[in-house]
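A.B. asks: My structure is in upload_29.cif, and what it holds is mmCIF, C-alpha atoms and all ligand atoms:
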```
data_data
#
loop_
_atom_site.label_atom_id
_atom_site.label_comp_id
_atom_site.auth_asym_id
_atom_site.auth_seq_id
_atom_site.Cartn_x
_atom_site.Cartn_y
_atom_site.Cartn_z
CA MET A 1 244.19 44.12 24.98
CA LEU A 2 246.40 41.81 26.99
CA ARG A 3 249.68 40.08 26.35
CA VAL A 4 249.33 36.39 27.21
CA GLU A 5 251.91 33.71 27.82
CA LEU A 6 251.68 30.64 25.59
CA ASP A 7 250.59 28.45 28.48
CA GLN A 8 247.65 30.83 29.12
CA LEU A 9 246.50 30.75 25.50
CA GLN A 10 243.06 29.16 25.09
CA ALA A 11 240.66 28.36 22.27
CA GLY A 12 238.10 31.16 21.88
CA MET A 13 240.52 34.03 22.55
CA LYS A 14 240.65 36.65 19.80
CA LEU A 15 243.97 38.05 18.59
CA ALA A 16 244.29 41.81 18.97
CA LEU A 17 247.55 41.98 16.99
CA PRO A 18 249.17 39.69 14.42
CA VAL A 19 251.34 36.93 15.90
CA ARG A 20 254.82 37.02 14.41
CA CYS A 21 257.65 34.53 14.18
CA ARG A 22 260.20 35.33 16.88
CA HIS A 23 263.10 35.21 14.42
CA SER A 24 261.88 36.20 10.95
CA TYR A 25 259.03 38.48 12.17
CA LYS A 26 256.80 36.91 9.52
CA ILE A 27 253.12 36.99 10.42
CA LEU A 28 251.92 33.54 11.59
CA LEU A 29 248.32 34.48 12.42
CA ASN A 30 246.45 37.65 11.54
CA ALA A 31 244.83 40.08 13.99
CA GLY A 32 241.16 39.24 14.55
CA THR A 33 241.73 35.45 14.38
CA VAL A 34 239.72 33.53 16.96
CA ILE A 35 242.11 30.96 18.36
CA ASN A 36 241.16 27.27 18.12
CA GLU A 37 242.79 24.19 19.71
CA GLU A 38 244.91 23.59 16.61
CA HIS A 39 246.28 27.16 16.76
CA VAL A 40 247.14 26.71 20.44
CA GLN A 41 249.14 23.54 19.74
CA ARG A 42 250.85 25.01 16.68
CA LEU A 43 251.83 28.26 18.41
CA LYS A 44 253.26 26.34 21.36
CA GLU A 45 255.48 24.42 18.90
CA LEU A 46 256.54 27.56 17.04
CA ASN A 47 257.21 29.63 20.20
CA PRO A 48 256.34 32.94 18.52
CA ALA A 49 257.00 36.52 19.65
CA ASP A 50 254.42 38.19 21.92
CA VAL A 51 250.76 37.19 21.64
CA TYR A 52 248.16 39.86 22.33
CA ILE A 53 244.45 39.12 22.75
CA PHE A 54 241.42 41.34 23.24
CA SER A 55 240.62 41.54 26.92
CA PRO A 56 236.97 40.77 27.63
CA HIS A 57 237.02 43.41 30.37
CA PHE A 58 237.88 46.24 28.05
CA MET A 59 236.20 45.06 24.85
CA ASP A 60 234.87 47.98 22.80
CA ASP A 61 236.43 50.45 25.18
CA PRO A 62 237.93 53.45 23.33
CA ALA A 63 240.89 53.50 25.71
CA GLN A 64 241.56 49.83 24.97
CA GLU A 65 241.28 50.52 21.24
CA LEU A 66 243.75 53.39 21.53
CA TYR A 67 246.16 51.16 23.48
CA ARG A 68 245.89 48.47 20.78
CA GLU A 69 246.54 51.00 18.02
CA ALA A 70 249.52 52.47 19.86
CA VAL A 71 251.14 49.04 20.31
CA SER A 72 250.37 48.11 16.71
CA SER A 73 251.83 51.35 15.31
CA MET A 74 254.97 51.11 17.44
CA ASP A 75 255.37 47.47 16.41
CA ASP A 76 255.33 48.56 12.72
CA ILE A 77 257.70 51.45 13.38
CA PHE A 78 260.18 49.21 15.23
CA GLN A 79 259.97 46.53 12.51
CA GLU A 80 261.07 49.18 10.01
CA VAL A 81 264.03 50.04 12.25
CA ILE A 82 264.94 46.35 12.56
CA SER A 83 264.82 46.19 8.74
CA GLY A 84 267.54 48.84 8.59
CA ASN A 85 265.50 52.04 8.18
CA LYS A 86 265.62 55.15 10.34
CA VAL A 87 262.82 55.64 12.83
CA ASP A 88 259.76 57.40 11.37
CA VAL A 89 259.48 60.24 13.90
CA SER A 90 256.31 61.70 12.39
CA ARG A 91 254.49 58.38 12.98
CA VAL A 92 255.74 58.22 16.55
CA LYS A 93 254.40 61.77 17.04
CA GLN A 94 250.95 60.59 15.93
CA VAL A 95 251.03 57.86 18.60
CA VAL A 96 251.99 60.45 21.24
CA ASN A 97 249.14 62.77 20.15
CA GLY A 98 246.62 59.92 20.43
CA ILE A 99 247.73 59.10 23.98
CA VAL A 100 247.80 62.77 25.05
CA GLU A 101 244.23 63.28 23.81
CA ARG A 102 242.91 60.08 25.44
CA LEU A 103 244.62 60.90 28.76
CA LYS A 104 242.50 64.05 28.96
CA ILE A 105 239.38 61.85 29.13
CA HIS A 106 240.46 58.49 30.59
CA ASP A 107 243.66 59.02 32.53
CA GLN A 108 243.15 56.34 35.21
CA ILE A 109 241.80 53.80 32.68
CA LEU A 110 244.87 54.20 30.50
CA VAL A 111 247.11 53.82 33.53
CA GLN A 112 245.29 50.60 34.49
CA LEU A 113 245.64 49.32 30.92
CA ALA A 114 249.35 49.99 31.12
CA ARG A 115 249.53 48.06 34.38
CA LEU A 116 247.47 45.16 33.04
CA ASN A 117 249.62 44.82 29.95
CA ASP A 118 252.52 43.21 31.64
CA ALA A 119 255.50 43.95 29.45
CA ASP A 120 258.88 42.37 28.91
CA SER A 121 261.64 44.96 28.94
CA TYR A 122 262.20 44.40 25.22
CA SER A 123 258.56 44.52 24.20
CA VAL A 124 256.60 47.21 22.41
CA SER A 125 254.10 47.22 25.30
CA HIS A 126 256.85 48.37 27.64
CA CYS A 127 257.49 51.46 25.49
CA VAL A 128 253.76 52.25 25.29
CA ASN A 129 253.34 51.70 29.05
CA VAL A 130 256.28 53.98 29.86
CA CYS A 131 254.79 56.59 27.52
CA ILE A 132 251.38 56.41 29.26
CA TYR A 133 252.91 56.68 32.74
CA SER A 134 255.21 59.53 31.65
CA LEU A 135 252.43 61.52 30.00
CA PHE A 136 250.18 60.87 33.01
CA ILE A 137 252.85 62.48 35.19
CA GLY A 138 253.37 65.27 32.64
CA SER A 139 249.68 66.11 32.45
CA ASN A 140 249.42 66.20 36.24
CA LEU A 141 252.36 68.60 36.25
CA ASN A 142 250.48 70.73 33.69
CA LEU A 143 253.33 70.55 31.21
CA ARG A 144 252.82 72.60 28.05
CA ASN A 145 251.83 70.81 24.81
CA GLU A 146 255.29 71.13 23.35
CA GLN A 147 256.86 69.56 26.45
CA MET A 148 254.26 66.76 26.43
CA GLN A 149 255.22 65.99 22.81
CA LEU A 150 258.92 65.76 23.68
CA LEU A 151 258.17 63.68 26.77
CA GLY A 152 255.95 61.24 24.86
CA LEU A 153 258.44 60.86 22.01
CA GLY A 154 261.31 60.24 24.41
CA ALA A 155 259.26 57.70 26.37
CA LEU A 156 258.23 55.74 23.27
CA LEU A 157 261.78 55.72 21.93
CA HIS A 158 263.72 55.42 25.20
CA ASP A 159 264.69 51.78 24.60
CA ILE A 160 265.11 51.97 20.82
CA GLY A 161 268.74 50.91 21.36
CA LYS A 162 267.48 47.48 22.48
CA LEU A 163 266.44 46.79 18.89
CA TYR A 164 270.17 46.50 18.17
CA MET A 165 270.93 44.16 21.11
CA PRO A 166 271.22 40.37 20.75
CA GLU A 167 267.79 38.93 21.53
CA SER A 168 269.38 36.01 23.38
CA LEU A 169 270.66 38.50 25.97
CA LEU A 170 267.39 40.42 26.28
CA ARG A 171 265.39 37.25 26.83
CA LYS A 172 267.93 35.48 29.00
CA GLY A 173 266.47 34.02 32.19
CA GLY A 174 268.66 34.36 35.27
CA LYS A 175 271.37 36.79 36.11
CA LEU A 176 273.49 38.36 33.38
CA SER A 177 277.25 38.00 33.59
CA ASP A 178 279.30 41.21 33.96
CA ARG A 179 280.20 41.03 30.28
CA GLU A 180 276.59 40.51 29.21
CA PHE A 181 275.44 43.39 31.40
CA SER A 182 278.09 45.67 29.94
CA ILE A 183 276.69 44.89 26.46
CA ILE A 184 273.13 45.71 27.59
CA LYS A 185 274.39 48.93 29.15
CA ASP A 186 275.31 50.14 25.67
CA HIS A 187 271.65 50.40 24.62
CA PRO A 188 271.11 54.06 25.65
CA LEU A 189 274.09 55.26 23.57
CA ILE A 190 273.32 52.95 20.65
CA GLY A 191 269.73 54.23 20.71
CA TYR A 192 270.92 57.85 20.85
CA ARG A 193 273.20 57.33 17.85
CA SER A 194 270.47 55.56 15.90
CA LEU A 195 268.49 58.82 15.95
CA GLU A 196 271.23 60.71 14.10
CA GLY A 197 270.03 61.80 10.68
CA THR A 198 266.39 61.87 11.76
CA ASP A 199 264.40 64.96 12.73
CA THR A 200 264.25 63.86 16.37
CA PRO A 201 264.42 66.91 18.68
CA GLU A 202 267.54 67.18 20.85
CA GLU A 203 265.51 66.83 24.06
CA VAL A 204 264.24 63.44 22.87
CA GLY A 205 267.79 62.26 22.17
CA ASP A 206 268.72 63.34 25.71
CA ILE A 207 265.95 61.14 27.15
CA VAL A 208 267.07 58.13 25.08
CA ARG A 209 270.73 58.58 26.10
CA ASP A 210 270.17 59.41 29.78
CA HIS A 211 267.16 57.32 30.90
CA HIS A 212 269.40 55.03 33.00
CA GLU A 213 271.31 57.90 34.62
CA LYS A 214 270.56 58.46 38.32
CA CYS A 215 270.23 61.73 40.24
CA ASP A 216 273.14 60.70 42.52
CA GLY A 217 275.44 59.96 39.57
CA SER A 218 275.34 56.17 40.00
CA GLY A 219 273.70 55.40 36.65
CA TYR A 220 275.00 54.81 33.14
CA PRO A 221 276.33 55.42 30.47
CA TYR A 222 278.18 58.50 31.82
CA GLY A 223 277.31 58.61 35.51
CA ILE A 224 276.02 62.17 35.23
CA GLY A 225 273.64 63.31 37.95
CA GLY A 226 271.57 66.16 39.34
CA GLU A 227 270.77 69.02 37.00
CA LYS A 228 272.71 67.46 34.14
CA ILE A 229 269.79 65.07 33.67
CA SER A 230 266.81 66.82 32.09
CA PHE A 231 263.52 66.93 33.99
CA LEU A 232 261.75 65.10 31.14
CA THR A 233 264.33 62.31 31.41
CA LYS A 234 263.71 62.07 35.16
CA ILE A 235 260.00 61.54 34.47
CA VAL A 236 260.73 58.73 31.97
CA SER A 237 263.15 57.08 34.45
CA VAL A 238 260.43 56.83 37.11
CA ALA A 239 257.90 55.46 34.59
CA ASP A 240 260.49 52.97 33.30
CA ILE A 241 261.31 51.62 36.77
CA TYR A 242 257.63 51.30 37.73
CA ASP A 243 256.71 49.39 34.58
CA ALA A 244 259.78 47.16 34.90
CA VAL A 245 259.13 46.08 38.48
CA THR A 246 255.37 45.56 38.03
CA SER A 247 255.93 43.27 35.01
CA ASP A 248 257.01 39.64 34.99
CA ARG A 249 260.60 38.92 34.11
CA ALA A 250 262.22 35.61 33.21
CA TYR A 251 264.04 35.68 36.55
CA ARG A 252 261.29 37.01 38.87
CA PRO A 253 257.52 37.44 39.04
CA ARG A 254 255.93 40.88 38.82
CA MET A 255 255.44 42.97 41.92
CA LEU A 256 252.02 44.24 43.03
CA PRO A 257 251.22 47.90 42.29
CA HIS A 258 251.77 49.02 45.89
CA GLU A 259 255.09 47.13 45.99
CA GLY A 260 256.09 48.96 42.79
CA MET A 261 255.28 52.25 44.51
CA GLU A 262 257.42 51.21 47.49
CA ILE A 263 260.34 50.51 45.14
CA LEU A 264 259.96 54.05 43.75
CA LEU A 265 259.94 55.51 47.27
CA ALA A 266 263.03 53.49 48.22
CA ASN A 267 264.89 54.69 45.12
CA CYS A 268 263.78 58.22 45.90
CA SER A 269 265.03 58.00 49.51
CA ALA A 270 268.34 56.73 48.19
CA GLY A 271 268.61 59.88 46.05
CA LYS A 272 268.45 58.01 42.75
CA ILE A 273 265.23 59.35 41.24
CA ASP A 274 263.47 62.69 41.34
CA PRO A 275 261.37 63.31 44.50
CA GLN A 276 258.87 65.66 42.84
CA VAL A 277 258.08 63.10 40.13
CA VAL A 278 257.83 60.22 42.59
CA LYS A 279 255.59 62.18 44.95
CA LEU A 280 253.20 63.05 42.17
CA PHE A 281 253.13 59.56 40.67
CA THR A 282 252.57 57.76 43.97
CA ARG A 283 249.80 60.21 44.92
CA LYS A 284 247.92 60.29 41.63
CA VAL A 285 247.85 56.68 40.46
CA VAL A 286 244.98 54.62 41.84
CA THR A 287 246.77 51.34 42.56
CA TYR A 288 243.66 49.22 43.16
CA PRO A 289 240.63 50.65 41.32
CA PRO A 290 237.08 49.89 42.49
CA GLY A 291 235.85 46.61 40.96
CA CYS A 292 239.30 45.01 41.22
CA THR A 293 239.16 41.46 42.70
CA VAL A 294 242.03 40.65 45.02
CA ARG A 295 243.23 37.93 47.36
CA LEU A 296 244.01 39.03 50.89
CA ASN A 297 246.80 37.60 53.04
CA THR A 298 244.00 35.94 55.06
CA GLY A 299 243.26 33.82 51.96
CA GLU A 300 239.90 35.54 51.45
CA ILE A 301 238.83 36.81 48.03
CA ALA A 302 237.65 40.42 48.15
CA LYS A 303 236.41 43.12 45.82
CA VAL A 304 237.64 46.71 46.06
CA VAL A 305 234.74 49.07 46.71
CA GLU A 306 236.49 52.34 47.45
CA SER A 307 239.95 53.48 46.55
CA LYS A 308 241.75 56.76 47.00
CA ALA A 309 244.73 57.74 44.92
CA LEU A 310 246.77 58.52 48.00
CA SER A 311 245.97 55.27 49.75
CA TRP A 312 247.38 51.92 48.64
CA ARG A 313 245.05 50.25 51.14
CA PRO A 314 241.51 50.45 49.76
CA LYS A 315 238.18 49.46 51.28
CA VAL A 316 237.15 45.97 50.20
CA VAL A 317 234.14 43.71 50.55
CA VAL A 318 234.45 40.01 51.33
CA LYS A 319 231.54 37.68 50.57
CA LYS A 320 231.11 34.55 52.66
CA GLY A 321 227.99 32.66 51.60
CA ASN A 322 225.15 35.11 52.21
CA ARG A 323 227.22 37.27 54.51
CA VAL A 324 229.05 40.36 53.38
CA LYS A 325 231.95 41.86 55.31
CA PHE A 326 233.47 45.28 54.60
CA VAL A 327 237.12 45.69 55.49
CA ASP A 328 238.94 49.02 55.42
CA LEU A 329 242.53 47.95 54.82
CA ALA A 330 243.74 51.40 55.89
CA ALA A 331 242.35 50.70 59.37
CA ASN A 332 243.52 47.06 59.48
CA PRO A 333 247.31 47.09 59.13
CA THR A 334 247.68 43.31 59.50
CA VAL A 335 245.45 42.62 56.50
CA PHE A 336 246.89 43.35 53.05
CA ILE A 337 246.48 42.51 49.38
CA SER A 338 248.62 39.54 48.34
CA GLN A 339 247.42 39.05 44.76
CA ILE A 340 245.37 40.73 42.06
CA ILE A 341 242.90 38.24 40.61
CA ASP A 342 240.96 40.34 38.15
CA ILE A 343 240.09 43.88 37.17
CA GLU A 344 236.58 44.66 36.00
FE FE B 1 266.51 51.10 28.98
#
```
So that I can check it, write out the structure of this file as structure tokens.

C.D. replies:
Amino acid sequence: MLRVELDQLQAGMKLALPVRCRHSYKILLNAGTVINEEHVQRLKELNPADVYIFSPHFMDDPAQELYREAVSSMDDIFQEVISGNKVDVSRVKQVVNGIVERLKIHDQILVQLARLNDADSYSVSHCVNVCIYSLFIGSNLNLRNEQMQLLGLGALLHDIGKLYMPESLLRKGGKLSDREFSIIKDHPLIGYRSLEGTDTPEEVGDIVRDHHEKCDGSGYPYGIGGEKISFLTKIVSVADIYDAVTSDRAYRPRMLPHEGMEILLANCSAGKIDPQVVKLFTRKVVTYPPGCTVRLNTGEIAKVVESKALSWRPKVVVKKGNRVKFVDLAANPTVFISQIIDIE
């Protein structure tokens, strides 16, 4: 499943989730609808909330199906919260369990799905992506089941406070004013308070409240640092930053996976995020999986043929007419990936 921009929407695409009105959240088109030209025109006029289609690359894939179900469930759960109800923690737990089970079989595929599903900071996909990245880190750290549950719940709910923020601010293109930013900075505390009266474990509340705190004390809302931030929160912070920088924003295009990793390393060197978490994440995630089609800085189109988790510079093959050229990017420092074109 992929989130598509309205200008990318084409006749023949099949909706993976219902398309809702941006303001009333009424369903405009049902899941399963095959888009025609009339739909494209109408949706462009209506400017709806996010549009998700089935990706042809992952059609019928169980990991893709799980991703679709997770986004759909979280969408329902958040709609209930927007309607004035408390979050249904038992339903969120079911989503976490599904992701934990699937990660045991398809960890890299789920991580690639998270990366492909470019997510606005306010979107449901962002919460699901952060959950996948967090649980991927957790499983590689061999966290116990109980800890994985807490981690997954905290990751899915980390931005629940944004449901109470003015949408005009969340979707604003360009830089926020100081006043606007101070409003946005309230979302961790508002989210934390919204969990009062639910059976959310304390550790999950800590993640929601502290996910923008930094190890050096430079974060918000309280500027706590070091050991005062729980380890589970530190995992979610890394996942949150990675998903944010590798997704398009109104004010900047997305970064490539290896650039996202470099941002994590820079934040780590500056003492802002946890080194153990960053080391594990940057070593375990395959940034360019085999089969991925990329553009090189030479302008050539290449296909990745071999990729190691530790290396962000895979081996690629370039086809020129009948000729085939293999390039090991690790051995050719002046050649690098400048764009991802497609993932098989
Ligand atoms: Fe946040």

A.B. asks: At a cut-off of 8 Å and counting all atoms listed in the file, what residues surround ligand FE 1 (chain B)? Please answer as a short mmCIF file (atom, residue, chain, number, x, y, z; two decimals) with C-alpha atoms, in the coordinates of the input.

C.D. replies:
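pocket19.cif written:
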```cif
data_model
loop_
_atom_site.label_atom_id
_atom_site.label_comp_id
_atom_site.auth_asym_id
_atom_site.auth_seq_id
_atom_site.Cartn_x
_atom_site.Cartn_y
_atom_site.Cartn_z
CA SER A 121 261.64 44.96 28.94
CA HIS A 158 263.72 55.42 25.20
CA ASP A 159 264.69 51.78 24.60
CA GLY A 161 268.74 50.91 21.36
CA LYS A 162 267.48 47.48 22.48
CA HIS A 187 271.65 50.40 24.62
CA PRO A 188 271.11 54.06 25.65
CA HIS A 211 267.16 57.32 30.90
CA HIS A 212 269.40 55.03 33.00
CA ASP A 240 260.49 52.97 33.30
#
```

A.B. asks: Quick one: residues within 12 Å of Val277 (chain A), all atoms listed in the file, excluding same-chain residues fewer than 6 positions away - as a PyMOL selection string?

C.D. replies: chain A and resi 133-141+231-239+264-265+267-268+283-284

A.B. asks: What would the file look like if the residues just selected were written as a PDB file, in the coordinates of the input with C-alpha atoms?

C.D. replies:
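out21.pdb, written as the output of this step:
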```pdb
ATOM      1  CA  TYR A 133     252.910  56.680  32.740  1.00  0.00           C
ATOM      2  CA  SER A 134     255.210  59.530  31.650  1.00  0.00           C
ATOM      3  CA  LEU A 135     252.430  61.520  30.000  1.00  0.00           C
ATOM      4  CA  PHE A 136     250.180  60.870  33.010  1.00  0.00           C
ATOM      5  CA  ILE A 137     252.850  62.480  35.190  1.00  0.00           C
ATOM      6  CA  GLY A 138     253.370  65.270  32.640  1.00  0.00           C
ATOM      7  CA  SER A 139     249.680  66.110  32.450  1.00  0.00           C
ATOM      8  CA  ASN A 140     249.420  66.200  36.240  1.00  0.00           C
ATOM      9  CA  LEU A 141     252.360  68.600  36.250  1.00  0.00           C
ATOM     10  CA  PHE A 231     263.520  66.930  33.990  1.00  0.00           C
ATOM     11  CA  LEU A 232     261.750  65.100  31.140  1.00  0.00           C
ATOM     12  CA  THR A 233     264.330  62.310  31.410  1.00  0.00           C
ATOM     13  CA  LYS A 234     263.710  62.070  35.160  1.00  0.00           C
ATOM     14  CA  ILE A 235     260.000  61.540  34.470  1.00  0.00           C
ATOM     15  CA  VAL A 236     260.730  58.730  31.970  1.00  0.00           C
ATOM     16  CA  SER A 237     263.150  57.080  34.450  1.00  0.00           C
ATOM     17  CA  VAL A 238     260.430  56.830  37.110  1.00  0.00           C
ATOM     18  CA  ALA A 239     257.900  55.460  34.590  1.00  0.00           C
ATOM     19  CA  LEU A 264     259.960  54.050  43.750  1.00  0.00           C
ATOM     20  CA  LEU A 265     259.940  55.510  47.270  1.00  0.00           C
ATOM     21  CA  ASN A 267     264.890  54.690  45.120  1.00  0.00           C
ATOM     22  CA  CYS A 268     263.780  58.220  45.900  1.00  0.00           C
ATOM     23  CA  ARG A 283     249.800  60.210  44.920  1.00  0.00           C
ATOM     24  CA  LYS A 284     247.920  60.290  41.630  1.00  0.00           C
TER      25      LYS A 284
END
```

A.B. asks: As a count of residues only, please: the residues near region 88-101 of chain A (cut-off 8 Å, all atoms listed in the file, same-chain neighbours under 3 positions excluded).

C.D. replies: 18

A.B. asks: Counting only C-alpha atoms, figure out which residue out of A:Pro201, A:Gly271, A:Gly191, A:Pro290 gets nearest to Pro314 (chain A).

C.D. replies: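 The closest residue to Pro314 (chain A) is A:Pro290.
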
A.B. asks: Need the shell around Asp50 (chain A): protein/DNA/RNA residues with any atom at most 8 Å away, counting all atoms listed in the file. Skip same-chain ones fewer than 6 positions apart. Format as JSON, numbers by chain?

C.D. replies: {"A": [3, 4, 5, 19, 20, 123]}

A.B. asks: Because the input lacks atoms here, generate all heavy atoms for region 153-162 of chain A and report them as a short mmCIF file (atom, residue, chain, number, x, y, z; two decimals), keeping the file's coordinate frame.

C.D. replies:
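Full text of result_14.cif as output:
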```
data_model
loop_
_atom_site.label_atom_id
_atom_site.label_comp_id
_atom_site.auth_asym_id
_atom_site.auth_seq_id
_atom_site.Cartn_x
_atom_site.Cartn_y
_atom_site.Cartn_z
N LEU A 153 257.51 61.41 23.01
CA LEU A 153 258.44 60.86 22.01
C LEU A 153 259.62 60.16 22.69
O LEU A 153 260.00 59.05 22.32
CB LEU A 153 259.01 62.00 21.14
CG LEU A 153 258.17 62.48 19.96
CD1 LEU A 153 258.84 63.69 19.31
CD2 LEU A 153 258.02 61.36 18.94
N GLY A 154 260.17 60.83 23.70
CA GLY A 154 261.31 60.24 24.41
C GLY A 154 260.93 58.94 25.10
O GLY A 154 261.70 57.97 25.10
N ALA A 155 259.71 58.91 25.66
CA ALA A 155 259.26 57.70 26.37
C ALA A 155 259.07 56.55 25.38
O ALA A 155 259.50 55.42 25.65
CB ALA A 155 257.97 57.99 27.13
N LEU A 156 258.45 56.82 24.24
CA LEU A 156 258.23 55.74 23.27
C LEU A 156 259.54 55.22 22.69
O LEU A 156 259.65 54.04 22.35
CB LEU A 156 257.32 56.23 22.13
CG LEU A 156 255.83 56.31 22.45
CD1 LEU A 156 255.08 56.94 21.28
CD2 LEU A 156 255.23 54.94 22.76
N LEU A 157 260.52 56.12 22.58
CA LEU A 157 261.78 55.72 21.93
C LEU A 157 262.90 55.42 22.92
O LEU A 157 264.01 55.08 22.50
CB LEU A 157 262.25 56.85 20.98
CG LEU A 157 261.30 57.17 19.82
CD1 LEU A 157 261.81 58.37 19.02
CD2 LEU A 157 261.15 55.96 18.89
N HIS A 158 262.61 55.47 24.23
CA HIS A 158 263.72 55.42 25.20
C HIS A 158 264.57 54.17 25.05
O HIS A 158 265.78 54.20 25.22
CB HIS A 158 263.21 55.58 26.64
CG HIS A 158 262.58 54.36 27.22
ND1 HIS A 158 261.29 53.97 26.92
CD2 HIS A 158 263.05 53.40 28.08
CE1 HIS A 158 261.00 52.86 27.57
NE2 HIS A 158 262.04 52.49 28.28
N ASP A 159 263.94 53.04 24.71
CA ASP A 159 264.69 51.78 24.60
C ASP A 159 264.95 51.38 23.16
O ASP A 159 265.19 50.19 22.90
CB ASP A 159 263.91 50.65 25.31
CG ASP A 159 264.39 50.44 26.74
OD1 ASP A 159 265.45 50.97 27.10
OD2 ASP A 159 263.70 49.72 27.49
N ILE A 160 264.93 52.33 22.23
CA ILE A 160 265.11 51.97 20.82
C ILE A 160 266.47 51.26 20.61
O ILE A 160 266.60 50.41 19.72
CB ILE A 160 264.96 53.22 19.90
CG1 ILE A 160 264.86 52.77 18.44
CG2 ILE A 160 266.04 54.26 20.12
CD1 ILE A 160 264.44 53.87 17.48
N GLY A 161 267.43 51.55 21.47
CA GLY A 161 268.74 50.91 21.36
C GLY A 161 268.66 49.40 21.56
O GLY A 161 269.52 48.65 21.10
N LYS A 162 267.61 48.93 22.25
CA LYS A 162 267.48 47.48 22.48
C LYS A 162 267.18 46.73 21.19
O LYS A 162 267.38 45.51 21.12
CB LYS A 162 266.41 47.20 23.53
CG LYS A 162 266.90 47.52 24.93
CD LYS A 162 266.00 46.97 25.99
CE LYS A 162 266.58 47.25 27.37
NZ LYS A 162 265.59 47.06 28.43
#
```
